[in-house]
Structures are given as C-alpha cells and as structure tokens.
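What follows is target_18.txt (compact mmCIF, C-alpha atoms).
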```txt
# COMPACT_ATOMS: atom_id res chain seq x y z
CA MET T 1 -10.38 2.89 4.83
CA ASN T 2 -11.29 -0.59 3.64
CA PHE T 3 -10.75 -2.19 7.04
CA GLU T 4 -11.71 -1.35 10.59
CA ILE T 5 -9.21 -0.88 13.41
CA LEU T 6 -10.46 -2.59 16.57
CA GLY T 7 -9.02 -0.92 19.66
CA LYS T 8 -5.75 0.96 19.80
CA ILE T 9 -2.70 0.88 17.59
CA GLU T 10 0.22 -0.29 19.71
CA GLN T 11 4.01 -0.44 19.46
CA ILE T 12 3.98 2.79 17.45
CA GLU T 13 7.31 3.83 15.93
CA ILE T 14 8.36 6.60 13.57
CA ILE T 15 9.73 5.25 10.28
CA ALA T 16 10.57 8.50 8.51
CA ILE T 17 10.19 12.26 8.85
CA ASP T 18 9.53 14.88 6.19
CA LYS T 19 12.07 14.68 3.36
CA SER T 20 12.96 11.10 4.31
CA ILE T 21 9.45 10.15 3.21
CA ARG T 22 9.70 9.21 -0.45
CA ASP T 23 6.22 10.44 -1.36
CA VAL T 24 6.17 13.51 0.91
CA GLU T 25 5.54 15.89 -1.99
CA ARG T 26 2.41 13.95 -2.93
CA LEU T 27 1.23 14.16 0.68
CA LYS T 28 1.77 17.92 0.79
CA LYS T 29 0.03 18.43 -2.53
CA ILE T 30 -3.03 16.37 -1.56
CA TYR T 31 -3.40 17.03 2.19
CA GLY T 32 -1.48 20.24 2.74
CA GLN T 33 1.83 21.53 4.04
CA GLY T 34 3.10 20.25 7.33
CA ARG T 35 5.84 18.32 9.03
CA TRP T 36 4.84 14.87 7.79
CA ARG T 37 5.85 11.73 9.58
CA LYS T 38 5.50 8.11 8.51
CA LEU T 39 4.70 5.75 11.36
CA LYS T 40 4.07 2.09 11.97
CA GLY T 41 2.25 0.12 14.64
CA ILE T 42 0.41 -3.09 15.42
CA ALA T 43 -3.36 -3.33 15.67
CA THR T 44 -6.22 -5.76 15.50
CA ILE T 45 -8.20 -5.13 12.36
CA LYS T 46 -11.41 -6.34 10.77
CA LEU T 47 -11.15 -6.84 7.03
CA GLU T 48 -13.94 -6.42 4.50
CA ASP T 49 -14.50 -10.18 4.49
CA GLU T 50 -15.26 -9.89 8.24
CA SER T 51 -12.11 -11.77 9.28
CA ILE T 52 -10.27 -10.37 12.28
CA CYS T 53 -6.48 -10.43 12.51
CA GLN T 54 -3.44 -8.65 13.84
CA ALA T 55 -1.67 -6.48 11.32
CA GLU T 56 1.30 -4.20 11.01
CA LEU T 57 -0.03 -0.85 9.82
CA HIS T 58 1.83 2.07 8.29
CA TRP T 59 0.42 5.57 7.95
CA TYR T 60 1.28 9.24 7.55
CA GLU T 61 0.43 12.04 9.90
CA ALA T 62 1.10 15.74 10.32
CA HIS T 63 0.21 18.10 13.13
CA GLY T 64 -3.20 19.65 12.52
CA ILE T 65 -3.94 17.26 9.67
CA GLY T 66 -4.08 13.91 11.44
CA LYS T 67 -3.58 10.34 10.31
CA LYS T 68 -3.82 9.70 6.57
CA GLU T 69 -3.66 6.63 4.35
CA ILE T 70 -3.47 3.87 6.96
CA LYS T 71 -2.12 0.90 5.02
CA ILE T 72 -1.67 -2.78 5.84
CA LYS T 73 1.96 -3.84 5.63
CA TYR T 74 1.60 -7.40 6.93
CA LEU T 75 -1.19 -9.64 8.21
CA LEU T 76 0.42 -11.16 11.29
CA ASP T 77 -2.06 -13.81 12.42
CA GLU T 78 -5.75 -14.70 12.51
CA MET Z 1 15.76 -12.52 -20.00
CA SER Z 2 15.63 -13.37 -16.30
CA ASN Z 3 13.00 -15.68 -14.82
CA THR Z 4 12.41 -13.11 -12.07
CA ASN Z 5 11.30 -10.50 -14.55
CA ILE Z 6 9.18 -12.92 -16.56
CA SER Z 7 7.24 -13.90 -13.45
CA LYS Z 8 6.50 -10.32 -12.40
CA GLN Z 9 2.84 -9.37 -12.28
CA PHE Z 10 1.31 -6.02 -13.00
CA ALA Z 11 -2.10 -4.43 -12.46
CA ILE Z 12 -3.89 -1.22 -13.37
CA CYS Z 13 -5.27 0.82 -10.51
CA ILE Z 14 -8.96 1.63 -11.04
CA LYS Z 15 -9.80 3.02 -7.61
CA ASN Z 16 -7.81 4.90 -4.96
CA ASP Z 17 -10.44 5.79 -2.34
CA ASN Z 18 -8.70 6.83 0.91
CA TYR Z 19 -5.28 6.49 -0.74
CA PRO Z 20 -4.89 9.39 -3.20
CA ALA Z 21 -1.23 9.91 -2.24
CA SER Z 22 -0.34 6.23 -2.45
CA LEU Z 23 -2.18 5.22 -5.60
CA GLU Z 24 -3.02 6.85 -8.91
CA THR Z 25 -5.92 5.58 -10.95
CA ARG Z 26 -5.13 4.38 -14.50
CA LYS Z 27 -1.52 3.76 -13.49
CA ILE Z 28 0.24 0.39 -13.72
CA TYR Z 29 1.70 -1.07 -10.52
CA GLU Z 30 3.86 -4.10 -9.82
CA ILE Z 31 2.15 -6.84 -7.81
CA LEU Z 32 3.97 -9.14 -5.40
CA PRO Z 33 2.73 -12.63 -4.55
CA ASP Z 34 0.94 -12.94 -1.19
CA GLU Z 35 -1.29 -15.99 -0.85
CA LYS Z 36 -2.50 -15.07 2.64
CA ALA Z 37 -3.56 -11.62 1.48
CA ASN Z 38 -5.29 -13.01 -1.60
CA GLN Z 39 -7.44 -15.23 0.62
CA HIS Z 40 -8.82 -12.02 2.12
CA HIS Z 41 -9.40 -10.34 -1.27
CA GLN Z 42 -6.33 -8.18 -0.79
CA ILE Z 43 -3.46 -7.68 -3.22
CA ARG Z 44 0.15 -6.73 -2.45
CA VAL Z 45 1.14 -3.70 -4.49
CA ILE Z 46 4.30 -1.62 -4.75
CA ASP Z 47 2.69 1.79 -4.44
CA GLU Z 48 3.87 5.40 -4.82
CA SER Z 49 5.89 5.11 -1.60
CA GLY Z 50 8.07 2.49 -3.31
CA GLU Z 51 7.05 -0.05 -0.66
CA ASP Z 52 4.61 -2.92 -0.92
CA TYR Z 53 1.29 -2.76 0.90
CA LEU Z 54 -2.01 -4.62 0.85
CA TYR Z 55 -4.92 -3.04 -0.98
CA PRO Z 56 -8.37 -4.40 -1.84
CA SER Z 57 -8.27 -6.52 -5.00
CA SER Z 58 -11.24 -4.48 -6.23
CA TYR Z 59 -8.94 -1.46 -6.62
CA PHE Z 60 -7.02 -3.18 -9.44
CA ILE Z 61 -7.38 -5.09 -12.67
CA LEU Z 62 -4.65 -7.71 -13.09
CA LEU Z 63 -2.89 -7.54 -16.43
CA GLU Z 64 -2.48 -10.74 -18.42
CA LEU Z 65 0.55 -9.91 -20.53
CA PRO Z 66 2.82 -11.92 -22.82
CA ALA Z 67 6.22 -12.75 -21.25
CA GLU Z 68 7.98 -10.29 -23.55
CA SER Z 69 5.74 -7.43 -22.46
CA ARG Z 70 6.21 -8.29 -18.79
CA GLU Z 71 9.96 -8.29 -19.31
CA LEU Z 72 9.84 -4.83 -20.91
CA LEU Z 73 7.59 -3.48 -18.15
CA SER Z 74 9.98 -4.88 -15.54
CA LEU Z 75 12.75 -2.76 -17.00
CA CYS Z 76 10.73 0.45 -16.61
CA ASN Z 77 11.35 2.71 -13.67
CA PHE Z 78 8.17 3.04 -11.67
```
Take the structure from the file and write it as structure tokens.
Amino acid sequence: MNFEILGKIEQIEIIAIDKSIRDVERLKKIYGQGRWRKLKGIATIKLEDESICQAELHWYEAHGIGKKEIKIKYLLDE
Amino acid sequence: MSNTNISKQFAICIKNDNYPASLETRKIYEILPDEKANQHHQIRVIDESGEDYLYPSSYFILLELPAESRELLSLCNF
C-alpha cells in the first residue's frame, strides 16, 4: 500500500457482495476463491508525501483471505 | 466531436504493486481531473472496477495525444 492507515477504519459499510462486485472474477483469479465483499470506511491516512488527512477508503475482503487492495476514493480534509 | 471527449485524459499503467486486481500494467486507463489529489502526487484513475480511485502518479505515464486520438479512445469500451 502506498499510504499508511493511522488508527482504525471507521463507519465501515458493505458496498457490494460477490457477483455484485464488477471485478470479482479478477479477485478470485488473483487471491483465490471466496465470498468476496467490497467495503468502504473512513480513516486517517498518511500519504507518501508525509501529509496526513482523512480519506474514504474502499477495499475488498474475503473470509480467510483478509483485506486486499485498499484504495483511496476521496481525500476528505487535511 | 464533443468537448467532453476531447478533454478526456488517458495514461498507461506502468506499475500495479498492491493492486493486481485493480490495475493491469501496460494498459491504458482514463484519468479524471482532481487538483487536490495531484498536489499529493496522486492521480484519479478509472480502474478495473469501473470506478475512479486515487493511485500514485508514479504508477502511470500520462499520454499526450492529439484531439482526434483522444476522441477515438473515448469511444472505446474500457
């Protein structure tokens, strides 16, 4: 990951499950079979340029595989 | 030829560390403007999920294309 999550991810919500995830086949091919879920949440992050800000994050996870590809959707403030 | 399509930006992915399901190297992606992200060396990309997310600018090479080429690329299904 090219940024660091400081503390916990909060306000976690499920966005999509399994076949509702557009790229679920890519996830299964790369990380393995499982019931994949796409989630979102808010966290404080530290970017590569050392700046610290709140961000909305999206990621994928499956039981036994864990969180994968945590991506920044929006930078909320600094 | 619409102004929207002419102004679209594209970039080639040259690195996909930590995001093998979301990005493919050597593939062209559409870029969306995001001044705030750019200030942090991030770039807003419509990735394999079909949604736009921030990625490090260093993962991409921006394409400087003639308007006609950008228009044709805009008509492609990604």
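Taking only C-alpha atoms into account, chain Z lies nearest to T:Ile30 out of the set T:Ile5, T:Leu76, T:Ile30, T:Ile14.
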List every residue of chain T that has an atom at most 12 Å from any atom of chain Z, and for each one report the closest atom pair and its distance in Å to one decimal, counting only C-alpha atoms, with rows sorted by chain and then by increasing residue number, as a Markdown table.
```
| residue | atom | partner | partner_atom | distance |
| --- | --- | --- | --- | --- |
| T:Met1 | CA | Z:Asn18 | CA | 5.8 |
| T:Asn2 | CA | Z:Pro56 | CA | 7.3 |
| T:Phe3 | CA | Z:Pro56 | CA | 9.5 |
| T:Ala16 | CA | Z:Ser49 | CA | 11.6 |
| T:Ser20 | CA | Z:Ser49 | CA | 11.0 |
| T:Ile21 | CA | Z:Ser49 | CA | 7.8 |
| T:Arg22 | CA | Z:Ser49 | CA | 5.7 |
| T:Asp23 | CA | Z:Ser49 | CA | 5.3 |
| T:Val24 | CA | Z:Ser49 | CA | 8.8 |
| T:Glu25 | CA | Z:Ala21 | CA | 9.0 |
| T:Arg26 | CA | Z:Ala21 | CA | 5.5 |
| T:Leu27 | CA | Z:Ala21 | CA | 5.7 |
| T:Lys28 | CA | Z:Ala21 | CA | 9.1 |
| T:Lys29 | CA | Z:Ala21 | CA | 8.6 |
| T:Ile30 | CA | Z:Ala21 | CA | 6.7 |
| T:Tyr31 | CA | Z:Ala21 | CA | 8.7 |
| T:Gly32 | CA | Z:Ala21 | CA | 11.5 |
| T:Lys38 | CA | Z:Ser49 | CA | 10.6 |
| T:Lys46 | CA | Z:His40 | CA | 10.7 |
| T:Leu47 | CA | Z:His40 | CA | 7.5 |
| T:Glu48 | CA | Z:His40 | CA | 8.0 |
| T:Asp49 | CA | Z:His40 | CA | 6.4 |
| T:Glu50 | CA | Z:His40 | CA | 9.1 |
| T:Ser51 | CA | Z:His40 | CA | 7.9 |
| T:Ile52 | CA | Z:His40 | CA | 10.4 |
| T:Cys53 | CA | Z:His40 | CA | 10.8 |
| T:Ala55 | CA | Z:Leu54 | CA | 10.6 |
| T:Glu56 | CA | Z:Tyr53 | CA | 10.2 |
| T:Leu57 | CA | Z:Tyr53 | CA | 9.2 |
| T:His58 | CA | Z:Tyr53 | CA | 8.8 |
| T:Trp59 | CA | Z:Tyr19 | CA | 10.4 |
| T:Tyr60 | CA | Z:Ala21 | CA | 10.1 |
| T:Lys67 | CA | Z:Asn18 | CA | 11.3 |
| T:Lys68 | CA | Z:Asn18 | CA | 8.0 |
| T:Glu69 | CA | Z:Tyr19 | CA | 5.3 |
| T:Ile70 | CA | Z:Tyr19 | CA | 8.3 |
| T:Lys71 | CA | Z:Tyr53 | CA | 6.5 |
| T:Ile72 | CA | Z:Leu54 | CA | 5.3 |
| T:Lys73 | CA | Z:Tyr53 | CA | 4.9 |
| T:Tyr74 | CA | Z:Leu54 | CA | 7.6 |
| T:Leu75 | CA | Z:Ala37 | CA | 7.4 |
| T:Leu76 | CA | Z:Lys36 | CA | 9.9 |
| T:Asp77 | CA | Z:Lys36 | CA | 9.9 |
| T:Glu78 | CA | Z:Lys36 | CA | 10.4 |
```
Output C-alpha atoms for every residue in that selection, as a PDB file, keeping the file's coordinate frame.
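Final file, selection-v3.pdb:
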```pdb
ATOM      1  CA  MET T   1     -10.380   2.890   4.830  1.00  0.00           C
ATOM      2  CA  ASN T   2     -11.290  -0.590   3.640  1.00  0.00           C
ATOM      3  CA  PHE T   3     -10.750  -2.190   7.040  1.00  0.00           C
ATOM      4  CA  ALA T  16      10.570   8.500   8.510  1.00  0.00           C
ATOM      5  CA  SER T  20      12.960  11.100   4.310  1.00  0.00           C
ATOM      6  CA  ILE T  21       9.450  10.150   3.210  1.00  0.00           C
ATOM      7  CA  ARG T  22       9.700   9.210  -0.450  1.00  0.00           C
ATOM      8  CA  ASP T  23       6.220  10.440  -1.360  1.00  0.00           C
ATOM      9  CA  VAL T  24       6.170  13.510   0.910  1.00  0.00           C
ATOM     10  CA  GLU T  25       5.540  15.890  -1.990  1.00  0.00           C
ATOM     11  CA  ARG T  26       2.410  13.950  -2.930  1.00  0.00           C
ATOM     12  CA  LEU T  27       1.230  14.160   0.680  1.00  0.00           C
ATOM     13  CA  LYS T  28       1.770  17.920   0.790  1.00  0.00           C
ATOM     14  CA  LYS T  29       0.030  18.430  -2.530  1.00  0.00           C
ATOM     15  CA  ILE T  30      -3.030  16.370  -1.560  1.00  0.00           C
ATOM     16  CA  TYR T  31      -3.400  17.030   2.190  1.00  0.00           C
ATOM     17  CA  GLY T  32      -1.480  20.240   2.740  1.00  0.00           C
ATOM     18  CA  LYS T  38       5.500   8.110   8.510  1.00  0.00           C
ATOM     19  CA  LYS T  46     -11.410  -6.340  10.770  1.00  0.00           C
ATOM     20  CA  LEU T  47     -11.150  -6.840   7.030  1.00  0.00           C
ATOM     21  CA  GLU T  48     -13.940  -6.420   4.500  1.00  0.00           C
ATOM     22  CA  ASP T  49     -14.500 -10.180   4.490  1.00  0.00           C
ATOM     23  CA  GLU T  50     -15.260  -9.890   8.240  1.00  0.00           C
ATOM     24  CA  SER T  51     -12.110 -11.770   9.280  1.00  0.00           C
ATOM     25  CA  ILE T  52     -10.270 -10.370  12.280  1.00  0.00           C
ATOM     26  CA  CYS T  53      -6.480 -10.430  12.510  1.00  0.00           C
ATOM     27  CA  ALA T  55      -1.670  -6.480  11.320  1.00  0.00           C
ATOM     28  CA  GLU T  56       1.300  -4.200  11.010  1.00  0.00           C
ATOM     29  CA  LEU T  57      -0.030  -0.850   9.820  1.00  0.00           C
ATOM     30  CA  HIS T  58       1.830   2.070   8.290  1.00  0.00           C
ATOM     31  CA  TRP T  59       0.420   5.570   7.950  1.00  0.00           C
ATOM     32  CA  TYR T  60       1.280   9.240   7.550  1.00  0.00           C
ATOM     33  CA  LYS T  67      -3.580  10.340  10.310  1.00  0.00           C
ATOM     34  CA  LYS T  68      -3.820   9.700   6.570  1.00  0.00           C
ATOM     35  CA  GLU T  69      -3.660   6.630   4.350  1.00  0.00           C
ATOM     36  CA  ILE T  70      -3.470   3.870   6.960  1.00  0.00           C
ATOM     37  CA  LYS T  71      -2.120   0.900   5.020  1.00  0.00           C
ATOM     38  CA  ILE T  72      -1.670  -2.780   5.840  1.00  0.00           C
ATOM     39  CA  LYS T  73       1.960  -3.840   5.630  1.00  0.00           C
ATOM     40  CA  TYR T  74       1.600  -7.400   6.930  1.00  0.00           C
ATOM     41  CA  LEU T  75      -1.190  -9.640   8.210  1.00  0.00           C
ATOM     42  CA  LEU T  76       0.420 -11.160  11.290  1.00  0.00           C
ATOM     43  CA  ASP T  77      -2.060 -13.810  12.420  1.00  0.00           C
ATOM     44  CA  GLU T  78      -5.750 -14.700  12.510  1.00  0.00           C
TER      45      GLU T  78
END
```
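Here atom CA of Lys15 of chain Z and atom CA of Tyr59 of chain Z stand 4.7 Å from one another.
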* T:Lys8, T:Glu13, T:Gly66, T:Asp18: which is nearest Trp36 of chain T, counting only C-alpha atoms? ->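 Ranking T:Lys8, T:Glu13, T:Gly66, T:Asp18 by distance to Trp36 of chain T, first place goes to T:Asp18.
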* To do: Provide the atom CA of Lys40 of chain T to atom CA of Thr25 of chain Z distance in Å, to one decimal place.
  =>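 These atoms are spaced 25.2 Å apart.
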* Could you work out how far atom CA of Ile45 of chain T lies from atom CA of Asn16 of chain Z, giving the answer in Å with one decimal? -> 20.0 Å
So that I can see what lies close to Leu63 of chain Z, please list as an mmCIF file with C-alpha atoms, in the coordinates of the input the residues with an atom at most 9 Å from it, counting only C-alpha atoms and leaving out residues fewer than 5 positions away in the same chain.
```
data_model
loop_
_atom_site.group_PDB
_atom_site.id
_atom_site.type_symbol
_atom_site.label_atom_id
_atom_site.label_comp_id
_atom_site.auth_asym_id
_atom_site.auth_seq_id
_atom_site.Cartn_x
_atom_site.Cartn_y
_atom_site.Cartn_z
ATOM 1 C CA GLN Z 9 2.840 -9.370 -12.280
ATOM 2 C CA PHE Z 10 1.310 -6.020 -13.000
ATOM 3 C CA ALA Z 11 -2.100 -4.430 -12.460
ATOM 4 C CA ILE Z 12 -3.890 -1.220 -13.370
ATOM 5 C CA ILE Z 28 0.240 0.390 -13.720
#
```
* Non-local contacts of Leu65 of chain Z (12 Å; all atoms listed in the file; under 2 positions in same chain excluded) as a PyMOL selection string -> chain Z and resi 6-11+62-63+67-74
